[in-house]
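Text of the file structure13.tsv, holding TSV, C-alpha atoms:
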```
chain	number	residue	atom	x	y	z
A	1	MET	CA	0.00	0.00	0.00
A	2	SER	CA	1.20	3.49	-0.74
A	3	VAL	CA	2.25	5.23	2.44
A	4	GLU	CA	0.00	8.10	1.38
A	5	LEU	CA	-3.11	6.02	0.83
A	6	SER	CA	-4.37	6.06	4.41
A	7	LYS	CA	-3.31	7.76	7.61
A	8	GLN	CA	-2.21	6.18	10.86
A	9	GLY	CA	-5.31	4.91	12.60
A	10	GLN	CA	-7.27	6.56	15.35
A	11	VAL	CA	-9.29	4.86	18.08
A	12	LEU	CA	-13.03	4.65	17.35
A	13	THR	CA	-15.11	4.13	20.49
A	14	ALA	CA	-18.83	3.85	21.18
A	15	THR	CA	-19.95	3.92	24.80
A	16	GLY	CA	-23.49	3.17	25.99
A	17	LEU	CA	-24.70	3.81	22.47
A	18	SER	CA	-28.36	3.57	21.54
A	19	ALA	CA	-29.51	4.53	18.07
A	20	GLY	CA	-32.46	4.12	15.77
A	21	TYR	CA	-35.18	5.79	13.78
A	22	ASP	CA	-37.99	8.16	14.79
A	23	GLY	CA	-36.78	8.08	18.38
A	24	ARG	CA	-37.06	4.28	18.61
A	25	PRO	CA	-33.81	2.42	19.34
A	26	ILE	CA	-32.70	-0.40	17.06
A	27	VAL	CA	-29.45	-0.90	18.99
A	28	SER	CA	-29.07	-0.27	22.73
A	29	GLY	CA	-26.30	-0.07	25.28
A	30	ILE	CA	-23.51	-0.74	22.78
A	31	ASP	CA	-19.90	-0.59	23.95
A	32	ILE	CA	-17.38	-1.24	21.18
A	33	GLN	CA	-13.89	-0.11	20.28
A	34	ALA	CA	-11.69	-0.36	17.18
A	35	THR	CA	-8.00	0.45	17.38
A	36	PRO	CA	-5.16	1.20	14.93
A	37	GLY	CA	-3.64	-1.72	13.08
A	38	LYS	CA	-6.54	-4.01	13.94
A	39	VAL	CA	-9.57	-5.42	12.11
A	40	VAL	CA	-12.61	-5.44	14.38
A	41	SER	CA	-15.59	-7.29	12.97
A	42	ILE	CA	-19.27	-7.22	13.87
A	43	VAL	CA	-21.32	-10.30	13.08
A	44	GLY	CA	-24.87	-11.29	13.88
A	45	PRO	CA	-28.11	-12.48	12.33
A	46	ASN	CA	-30.12	-10.37	9.91
A	47	GLY	CA	-32.09	-7.74	11.78
A	48	SER	CA	-29.70	-7.59	14.73
A	49	GLY	CA	-28.87	-3.92	14.10
A	50	LYS	CA	-25.42	-4.19	12.55
A	51	SER	CA	-25.94	-1.66	9.77
A	52	THR	CA	-27.82	0.72	12.08
A	53	LEU	CA	-24.87	0.62	14.46
A	54	LEU	CA	-22.37	1.52	11.74
A	55	LYS	CA	-24.59	4.30	10.42
A	56	SER	CA	-24.86	5.81	13.90
A	57	LEU	CA	-21.07	5.86	14.22
A	58	VAL	CA	-20.64	7.85	11.00
A	59	GLY	CA	-23.48	10.35	11.41
A	60	VAL	CA	-26.10	8.78	9.13
A	61	VAL	CA	-28.45	7.55	11.88
A	62	ARG	CA	-29.17	9.56	15.03
A	63	VAL	CA	-27.61	8.51	18.32
A	64	LEU	CA	-30.30	8.53	20.99
A	65	ASP	CA	-28.02	7.89	23.94
A	66	GLY	CA	-24.33	7.38	24.61
A	67	HIS	CA	-21.26	8.71	22.84
A	68	VAL	CA	-19.09	8.15	19.77
A	69	LYS	CA	-15.46	9.28	19.90
A	70	ILE	CA	-12.56	9.42	17.48
A	71	ASP	CA	-9.57	9.36	19.84
A	72	ASP	CA	-10.67	12.01	22.36
A	73	ASP	CA	-12.89	13.92	19.93
A	74	ASP	CA	-16.61	13.46	20.63
A	75	VAL	CA	-18.32	13.11	17.23
A	76	THR	CA	-21.74	12.03	18.51
A	77	ASN	CA	-24.45	13.12	16.05
A	78	LEU	CA	-22.11	15.21	13.93
A	79	ALA	CA	-23.09	15.37	10.27
A	80	SER	CA	-21.50	12.61	8.18
A	81	GLU	CA	-19.34	15.17	6.34
A	82	GLU	CA	-17.93	16.38	9.66
A	83	VAL	CA	-17.16	12.80	10.68
A	84	ALA	CA	-15.40	12.30	7.33
A	85	LYS	CA	-13.31	15.42	7.97
A	86	ARG	CA	-12.09	13.79	11.17
A	87	GLY	CA	-10.67	10.85	9.24
A	88	VAL	CA	-13.51	8.32	9.09
A	89	GLY	CA	-14.19	6.66	5.74
A	90	TYR	CA	-17.53	4.86	5.42
A	91	VAL	CA	-18.45	2.37	2.69
A	92	PRO	CA	-22.17	1.48	2.85
A	93	GLN	CA	-23.56	-1.85	1.76
A	94	ILE	CA	-25.63	-0.33	-1.04
A	95	ASP	CA	-25.52	2.97	-2.95
A	96	ASP	CA	-21.73	2.88	-2.61
A	97	VAL	CA	-20.95	4.34	-6.07
A	98	PHE	CA	-22.65	6.56	-8.64
A	99	PRO	CA	-23.57	4.11	-11.45
A	100	PRO	CA	-24.08	6.68	-14.27
A	101	LEU	CA	-20.65	8.24	-13.67
A	102	SER	CA	-17.29	6.92	-14.81
A	103	VAL	CA	-14.73	5.37	-12.51
A	104	ARG	CA	-12.66	8.55	-12.70
A	105	GLU	CA	-15.66	10.75	-11.90
A	106	ASN	CA	-16.53	8.60	-8.90
A	107	LEU	CA	-12.99	8.94	-7.58
A	108	GLU	CA	-13.02	12.69	-8.16
A	109	ILE	CA	-16.25	13.00	-6.18
A	110	GLY	CA	-14.62	10.96	-3.41
A	111	GLY	CA	-12.02	13.72	-3.15
A	112	TYR	CA	-14.62	16.43	-2.60
A	113	LEU	CA	-12.88	17.78	0.51
A	114	LEU	CA	-9.50	18.04	-1.21
A	115	ASN	CA	-7.84	20.95	-2.93
A	116	ARG	CA	-8.39	20.39	-6.65
A	117	ARG	CA	-4.64	20.16	-7.25
A	118	GLU	CA	-4.39	17.21	-4.85
A	119	VAL	CA	-6.97	15.07	-6.67
A	120	PRO	CA	-4.74	13.61	-9.45
A	121	SER	CA	-2.09	12.38	-7.02
A	122	ARG	CA	-4.76	10.88	-4.78
A	123	ILE	CA	-6.26	9.04	-7.74
A	124	ASP	CA	-2.79	7.70	-8.58
A	125	ALA	CA	-2.42	6.42	-5.00
A	126	VAL	CA	-5.80	4.67	-5.17
A	127	LEU	CA	-4.94	3.06	-8.52
A	128	GLU	CA	-1.66	1.82	-7.07
A	129	PHE	CA	-3.67	-0.09	-4.48
A	130	PHE	CA	-6.43	-1.15	-6.88
A	131	PRO	CA	-4.52	-1.58	-10.17
A	132	ARG	CA	-7.48	-3.40	-11.73
A	133	LEU	CA	-9.26	-0.05	-11.98
A	134	LYS	CA	-6.50	1.55	-14.09
A	135	GLY	CA	-7.90	0.32	-17.39
A	136	MET	CA	-11.47	1.21	-16.45
A	137	MET	CA	-11.25	4.92	-15.78
A	138	THR	CA	-13.75	5.89	-18.49
A	139	ARG	CA	-16.12	2.97	-17.83
A	140	LYS	CA	-19.42	3.74	-16.13
A	141	ALA	CA	-19.51	2.43	-12.56
A	142	GLY	CA	-22.79	0.70	-13.32
A	143	LYS	CA	-21.00	-1.50	-15.87
A	144	LEU	CA	-18.45	-2.87	-13.37
A	145	SER	CA	-18.52	-6.35	-11.89
A	146	GLY	CA	-19.45	-6.70	-8.23
A	147	GLY	CA	-15.83	-6.95	-7.12
A	148	GLU	CA	-14.73	-4.03	-9.29
A	149	ARG	CA	-17.58	-1.92	-7.99
A	150	LYS	CA	-16.59	-2.61	-4.38
A	151	MET	CA	-12.98	-1.71	-5.16
A	152	LEU	CA	-14.23	1.57	-6.59
A	153	ALA	CA	-16.39	2.19	-3.52
A	154	MET	CA	-13.41	1.71	-1.24
A	155	GLY	CA	-11.24	3.73	-3.58
A	156	ARG	CA	-13.64	6.66	-3.33
A	157	VAL	CA	-13.31	6.58	0.46
A	158	LEU	CA	-9.52	6.29	0.25
A	159	MET	CA	-9.38	9.53	-1.73
A	160	LEU	CA	-9.53	11.37	1.62
A	161	SER	CA	-6.74	9.32	3.27
A	162	PRO	CA	-8.93	8.07	6.12
A	163	SER	CA	-7.47	6.87	9.39
A	164	VAL	CA	-10.58	4.81	10.21
A	165	LEU	CA	-12.39	2.59	7.69
A	166	VAL	CA	-15.98	1.57	8.46
A	167	LEU	CA	-17.20	-1.10	6.03
A	168	ASP	CA	-20.75	-2.45	5.85
A	169	GLU	CA	-21.03	-5.90	4.23
A	170	PRO	CA	-18.22	-5.35	1.69
A	171	THR	CA	-18.53	-8.88	0.31
A	172	ALA	CA	-22.32	-8.88	-0.16
A	173	ASN	CA	-23.28	-10.56	-3.47
A	174	LEU	CA	-19.67	-11.26	-4.40
A	175	ALA	CA	-18.39	-14.62	-5.61
A	176	PRO	CA	-16.51	-16.52	-2.86
A	177	LEU	CA	-13.07	-16.12	-4.43
A	178	VAL	CA	-13.56	-12.38	-4.98
A	179	ALA	CA	-14.87	-11.99	-1.45
A	180	THR	CA	-11.86	-13.80	-0.02
A	181	GLN	CA	-9.43	-11.59	-1.96
A	182	LEU	CA	-11.25	-8.44	-0.86
A	183	LEU	CA	-11.13	-9.44	2.80
A	184	GLU	CA	-7.71	-11.05	3.05
A	185	GLU	CA	-5.71	-8.91	0.66
A	186	TYR	CA	-7.29	-5.48	0.74
A	187	ILE	CA	-9.23	-5.05	3.98
A	188	ARG	CA	-6.67	-6.89	6.12
A	189	GLY	CA	-4.04	-4.85	4.27
A	190	PHE	CA	-5.54	-1.57	5.49
A	191	ALA	CA	-5.07	-2.63	9.10
A	192	ASP	CA	-1.62	-4.09	8.50
A	193	HIS	CA	-0.53	-0.64	7.31
A	194	GLY	CA	-1.81	1.03	10.48
A	195	SER	CA	-5.40	1.97	9.71
A	196	THR	CA	-8.30	1.23	12.02
A	197	VAL	CA	-10.86	-1.11	10.42
A	198	LEU	CA	-14.40	-1.75	11.65
A	199	LEU	CA	-16.22	-4.29	9.54
A	200	VAL	CA	-19.76	-5.68	9.41
A	201	GLU	CA	-19.67	-9.01	7.60
A	202	GLN	CA	-22.22	-11.78	7.02
A	203	ARG	CA	-19.53	-14.33	6.11
A	204	ALA	CA	-18.65	-15.09	9.70
A	205	LYS	CA	-15.91	-17.62	8.98
A	206	ALA	CA	-14.21	-15.28	6.54
A	207	ALA	CA	-14.54	-12.34	8.94
A	208	LEU	CA	-12.97	-14.28	11.80
A	209	ARG	CA	-9.97	-15.24	9.64
A	210	ILE	CA	-8.94	-11.60	9.20
A	211	SER	CA	-10.16	-10.18	12.53
A	212	ASP	CA	-8.29	-9.36	15.71
A	213	TRP	CA	-11.50	-8.94	17.71
A	214	THR	CA	-15.15	-9.71	17.01
A	215	TYR	CA	-18.42	-8.44	18.46
A	216	VAL	CA	-21.59	-10.49	18.08
A	217	LEU	CA	-24.86	-8.59	17.91
A	218	GLY	CA	-28.23	-10.08	18.74
A	219	GLY	CA	-31.46	-8.19	19.25
A	220	GLY	CA	-29.68	-4.85	19.01
A	221	ARG	CA	-27.17	-5.63	21.76
A	222	VAL	CA	-23.68	-7.06	22.05
A	223	VAL	CA	-24.24	-10.64	23.20
A	224	LEU	CA	-20.68	-11.93	22.77
A	225	ALA	CA	-17.26	-10.42	22.21
A	226	GLY	CA	-13.79	-11.84	21.99
A	227	ALA	CA	-10.79	-12.85	19.96
A	228	PRO	CA	-11.78	-15.14	17.06
A	229	LYS	CA	-9.86	-18.10	18.50
A	230	ASP	CA	-11.92	-17.84	21.68
A	231	LEU	CA	-15.25	-17.45	19.90
A	232	GLU	CA	-14.44	-20.56	17.87
A	233	GLN	CA	-14.47	-22.49	21.16
A	234	ASN	CA	-17.90	-21.15	22.14
A	235	PRO	CA	-20.59	-23.73	21.30
A	236	ALA	CA	-23.39	-21.17	20.99
A	237	PHE	CA	-21.37	-19.06	18.58
A	238	VAL	CA	-20.17	-21.98	16.49
A	239	GLU	CA	-23.63	-23.50	16.13
A	240	SER	CA	-25.25	-20.17	15.29
A	241	PHE	CA	-22.65	-18.69	12.95
A	242	LEU	CA	-20.15	-21.31	11.83
A	243	GLY	CA	-22.48	-24.23	11.26
A	244	GLY	CA	-20.54	-26.85	13.17
A	245	ARG	CA	-18.97	-27.79	16.47
A	246	PRO	CA	-16.29	-25.99	18.46
A	247	ALA	CA	-12.74	-26.69	17.35
A	248	ALA	CA	-10.84	-29.17	19.50
A	249	HIS	CA	-8.20	-27.76	21.81
```
How does this structure look as structure tokens?
Amino acid sequence: MSVELSKQGQVLTATGLSAGYDGRPIVSGIDIQATPGKVVSIVGPNGSGKSTLLKSLVGVVRVLDGHVKIDDDDVTNLASEEVAKRGVGYVPQIDDVFPPLSVRENLEIGGYLLNRREVPSRIDAVLEFFPRLKGMMTRKAGKLSGGERKMLAMGRVLMLSPSVLVLDEPTANLAPLVATQLLEEYIRGFADHGSTVLLVEQRAKAALRISDWTYVLGGGRVVLAGAPKDLEQNPAFVESFLGGRPAAH
């Protein structure tokens, strides 16, 4: 990874967080933390509040109680643009690119907070990390494959050199081999170069392989948390998410 592609990570912390829609909480009493150089994953069944939690951290969904901090900076209920200015890059599960626009135009929009003169060098840095996009700069984003589109979505976020990457279901609808490459090569790579990575992922086995710490959501609350090797020994977790029995010691 280019040393300029992302900044040294910051600590993202949620304390006592409740968030939801129309004043009704979807997630409640959440305590989580993601730290530099680590991949922290959030897994859980559909409807457990994973996406709502991520959206509340980045200013898309209103926090009803509790606090969100980037290092010591309280960013609770700041507008998403203000959260982005503080170094948080967010890639949503859907609506992650502008389909009618070209790859280059999508990247340029991703650099909306930059001085115009900085944009070309930032695009070069993104293409160094995602070389597959180099030959597609004039192609409409809507014509990309699923994997290419997700690379572009992450590339757009990387235009602002984030220190914290928040990723919602990055492998959704991707073929298994593409999903594995995205997780193990690119997303793990962000953390290995010092960024903070917080990841919601439905592919629990794949998420555990690249994670340093995992939170399990159920019914809008954290019901389990631990290092992947420990969760893999938990019968309830294994039966619910890994479809088997705990690994032997």
Would you list the contacts of stretch 50-63 of chain A as a PyMOL selection string, taking every protein, DNA or RNA residue within 10 Å and counting all atoms listed in the file, but skipping same-chain residues closer than 4 positions in sequence?
chain A and resi 12-14+17-23+25-28+30+42-46+67-70+75-84+88-93+166-169+198-202+216-221
Distance in Å - atom CA of A:Glu128 versus atom CA of A:Arg203:
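Between these atoms lies a distance of 27.5 Å.
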Residues at most 12 Å from A:Pro176, counting all atoms listed in the file, excluding those fewer than 5 positions away in the same chain, as a PyMOL selection string?
chain A and resi 146-147+171+181-184+203+205-206
Using all atoms listed in the file, what residues lie at most 10 Å away from (-0.6, -6.9, -6.3) (file coordinates), given as an NGL selection string?
:A and (1 or 128-132 or 185-186)
Using C-alpha atoms, can you export the residues from the last selection as an mmCIF file, keeping the file's coordinate frame?
```
data_model
loop_
_atom_site.group_PDB
_atom_site.id
_atom_site.type_symbol
_atom_site.label_atom_id
_atom_site.label_comp_id
_atom_site.auth_asym_id
_atom_site.auth_seq_id
_atom_site.Cartn_x
_atom_site.Cartn_y
_atom_site.Cartn_z
ATOM 1 C CA MET A 1 0.000 0.000 0.000
ATOM 2 C CA GLU A 128 -1.660 1.820 -7.070
ATOM 3 C CA PHE A 129 -3.670 -0.090 -4.480
ATOM 4 C CA PHE A 130 -6.430 -1.150 -6.880
ATOM 5 C CA PRO A 131 -4.520 -1.580 -10.170
ATOM 6 C CA ARG A 132 -7.480 -3.400 -11.730
ATOM 7 C CA GLU A 185 -5.710 -8.910 0.660
ATOM 8 C CA TYR A 186 -7.290 -5.480 0.740
#
```
For each of A:Gly29, A:Gly66, A:Pro120, A:Gly155, take the minimum atom-to-atom distance to A:Leu133, counting all atoms listed in the file, then give the residue where this is smallest.
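Among the listed residues, the smallest separation from A:Leu133 belongs to A:Gly155.
You can rank A:Leu144, A:Leu158, A:Ala153, A:Ile109 by their closest distance to A:Asp124 using only C-alpha atoms, and at the top of that list sits A:Leu158.
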Pick the closest to A:Leu160 from A:Val197, A:Ile123, A:Leu101, A:Val222: which is it, counting all atoms listed in the file?
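With all atoms listed in the file as the atom set, the closest residue is A:Ile123.
Taking atom CA of A:Ile32 and atom CA of A:Arg156 as endpoints, the distance between them is 26.0 Å.
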Using all atoms listed in the file, the residue out of A:Ser161, A:Asn173, A:Gln8, A:Thr196 with shortest distance to A:Val126 is A:Ser161
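Interatomic distance, atom CA of A:Asp71 to atom CA of A:Val39: 16.7 Å.
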Counting only C-alpha atoms, give me one row per residue of stretch 130-227 of chain A with an atom at most 10 Å from an atom of stretch 97-100 of chain A, showing the shortest contact pair and its distance in Å to one decimal, sorted by chain then residue number, as JSON lines.
```
{"residue": "A:Arg139", "atom": "CA", "partner": "A:Pro100", "partner_atom": "CA", "distance": 9.5}
{"residue": "A:Lys140", "atom": "CA", "partner": "A:Pro100", "partner_atom": "CA", "distance": 5.8}
{"residue": "A:Ala141", "atom": "CA", "partner": "A:Pro99", "partner_atom": "CA", "distance": 4.5}
{"residue": "A:Gly142", "atom": "CA", "partner": "A:Pro99", "partner_atom": "CA", "distance": 4.0}
{"residue": "A:Lys143", "atom": "CA", "partner": "A:Pro99", "partner_atom": "CA", "distance": 7.6}
{"residue": "A:Leu144", "atom": "CA", "partner": "A:Pro99", "partner_atom": "CA", "distance": 8.9}
{"residue": "A:Arg149", "atom": "CA", "partner": "A:Val97", "partner_atom": "CA", "distance": 7.4}
{"residue": "A:Lys150", "atom": "CA", "partner": "A:Val97", "partner_atom": "CA", "distance": 8.4}
{"residue": "A:Leu152", "atom": "CA", "partner": "A:Val97", "partner_atom": "CA", "distance": 7.3}
{"residue": "A:Ala153", "atom": "CA", "partner": "A:Val97", "partner_atom": "CA", "distance": 5.6}
{"residue": "A:Met154", "atom": "CA", "partner": "A:Val97", "partner_atom": "CA", "distance": 9.3}
{"residue": "A:Arg156", "atom": "CA", "partner": "A:Val97", "partner_atom": "CA", "distance": 8.1}
```
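With distances restricted to all atoms listed in the file, A:Arg104 is the closest residue to A:Met136 from A:Arg104, A:Arg86, A:Lys229, A:Lys38.
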Among listed residues A:Gly47, A:Pro162, A:Gly111, A:Pro228, nearest A:Thr214 (using only C-alpha atoms):
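Comparing A:Gly47, A:Pro162, A:Gly111, A:Pro228 against A:Thr214, the winner is A:Pro228.
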Starting from the sparse input, extend stretch 155-178 of chain A to N, CA and C atoms and give the output as a short mmCIF file (atom, residue, chain, number, x, y, z; two decimals), keeping the file's coordinate frame.
```
data_model
loop_
_atom_site.label_atom_id
_atom_site.label_comp_id
_atom_site.auth_asym_id
_atom_site.auth_seq_id
_atom_site.Cartn_x
_atom_site.Cartn_y
_atom_site.Cartn_z
N GLY A 155 -12.13 2.73 -3.03
CA GLY A 155 -11.24 3.73 -3.58
C GLY A 155 -11.75 5.15 -3.38
N ARG A 156 -13.05 5.33 -3.56
CA ARG A 156 -13.64 6.66 -3.33
C ARG A 156 -13.38 7.14 -1.91
N VAL A 157 -13.55 6.23 -0.95
CA VAL A 157 -13.31 6.58 0.46
C VAL A 157 -11.83 6.86 0.70
N LEU A 158 -10.96 6.10 0.05
CA LEU A 158 -9.52 6.29 0.25
C LEU A 158 -9.01 7.59 -0.33
N MET A 159 -9.79 8.24 -1.19
CA MET A 159 -9.38 9.53 -1.73
C MET A 159 -9.08 10.55 -0.63
N LEU A 160 -9.71 10.41 0.53
CA LEU A 160 -9.53 11.37 1.62
C LEU A 160 -8.53 10.88 2.67
N SER A 161 -7.76 9.84 2.35
CA SER A 161 -6.74 9.32 3.27
C SER A 161 -7.31 9.08 4.67
N PRO A 162 -8.33 8.26 4.80
CA PRO A 162 -8.93 8.07 6.12
C PRO A 162 -8.00 7.35 7.08
N SER A 163 -8.20 7.60 8.36
CA SER A 163 -7.47 6.87 9.39
C SER A 163 -8.31 5.73 9.94
N VAL A 164 -9.63 5.83 9.75
CA VAL A 164 -10.58 4.81 10.21
C VAL A 164 -11.44 4.40 9.03
N LEU A 165 -11.53 3.11 8.76
CA LEU A 165 -12.39 2.59 7.69
C LEU A 165 -13.54 1.81 8.31
N VAL A 166 -14.77 2.22 7.97
CA VAL A 166 -15.98 1.57 8.46
C VAL A 166 -16.67 0.95 7.25
N LEU A 167 -16.76 -0.37 7.22
CA LEU A 167 -17.20 -1.10 6.03
C LEU A 167 -18.43 -1.94 6.35
N ASP A 168 -19.51 -1.72 5.61
CA ASP A 168 -20.75 -2.45 5.85
C ASP A 168 -20.96 -3.50 4.76
N GLU A 169 -20.81 -4.77 5.13
CA GLU A 169 -21.03 -5.90 4.23
C GLU A 169 -20.26 -5.75 2.89
N PRO A 170 -18.95 -5.58 2.94
CA PRO A 170 -18.22 -5.35 1.69
C PRO A 170 -18.25 -6.52 0.72
N THR A 171 -18.54 -7.73 1.21
CA THR A 171 -18.53 -8.88 0.31
C THR A 171 -19.94 -9.30 -0.13
N ALA A 172 -20.95 -8.51 0.20
CA ALA A 172 -22.32 -8.88 -0.16
C ALA A 172 -22.44 -9.09 -1.67
N ASN A 173 -23.01 -10.22 -2.06
CA ASN A 173 -23.28 -10.56 -3.47
C ASN A 173 -22.03 -10.80 -4.31
N LEU A 174 -20.89 -10.96 -3.66
CA LEU A 174 -19.67 -11.26 -4.40
C LEU A 174 -19.43 -12.77 -4.45
N ALA A 175 -18.78 -13.22 -5.52
CA ALA A 175 -18.39 -14.62 -5.61
C ALA A 175 -17.39 -14.93 -4.50
N PRO A 176 -17.38 -16.18 -4.00
CA PRO A 176 -16.51 -16.52 -2.86
C PRO A 176 -15.05 -16.16 -3.05
N LEU A 177 -14.48 -16.43 -4.23
CA LEU A 177 -13.07 -16.12 -4.43
C LEU A 177 -12.79 -14.62 -4.41
N VAL A 178 -13.71 -13.84 -4.99
CA VAL A 178 -13.56 -12.38 -4.98
C VAL A 178 -13.71 -11.86 -3.56
#
```
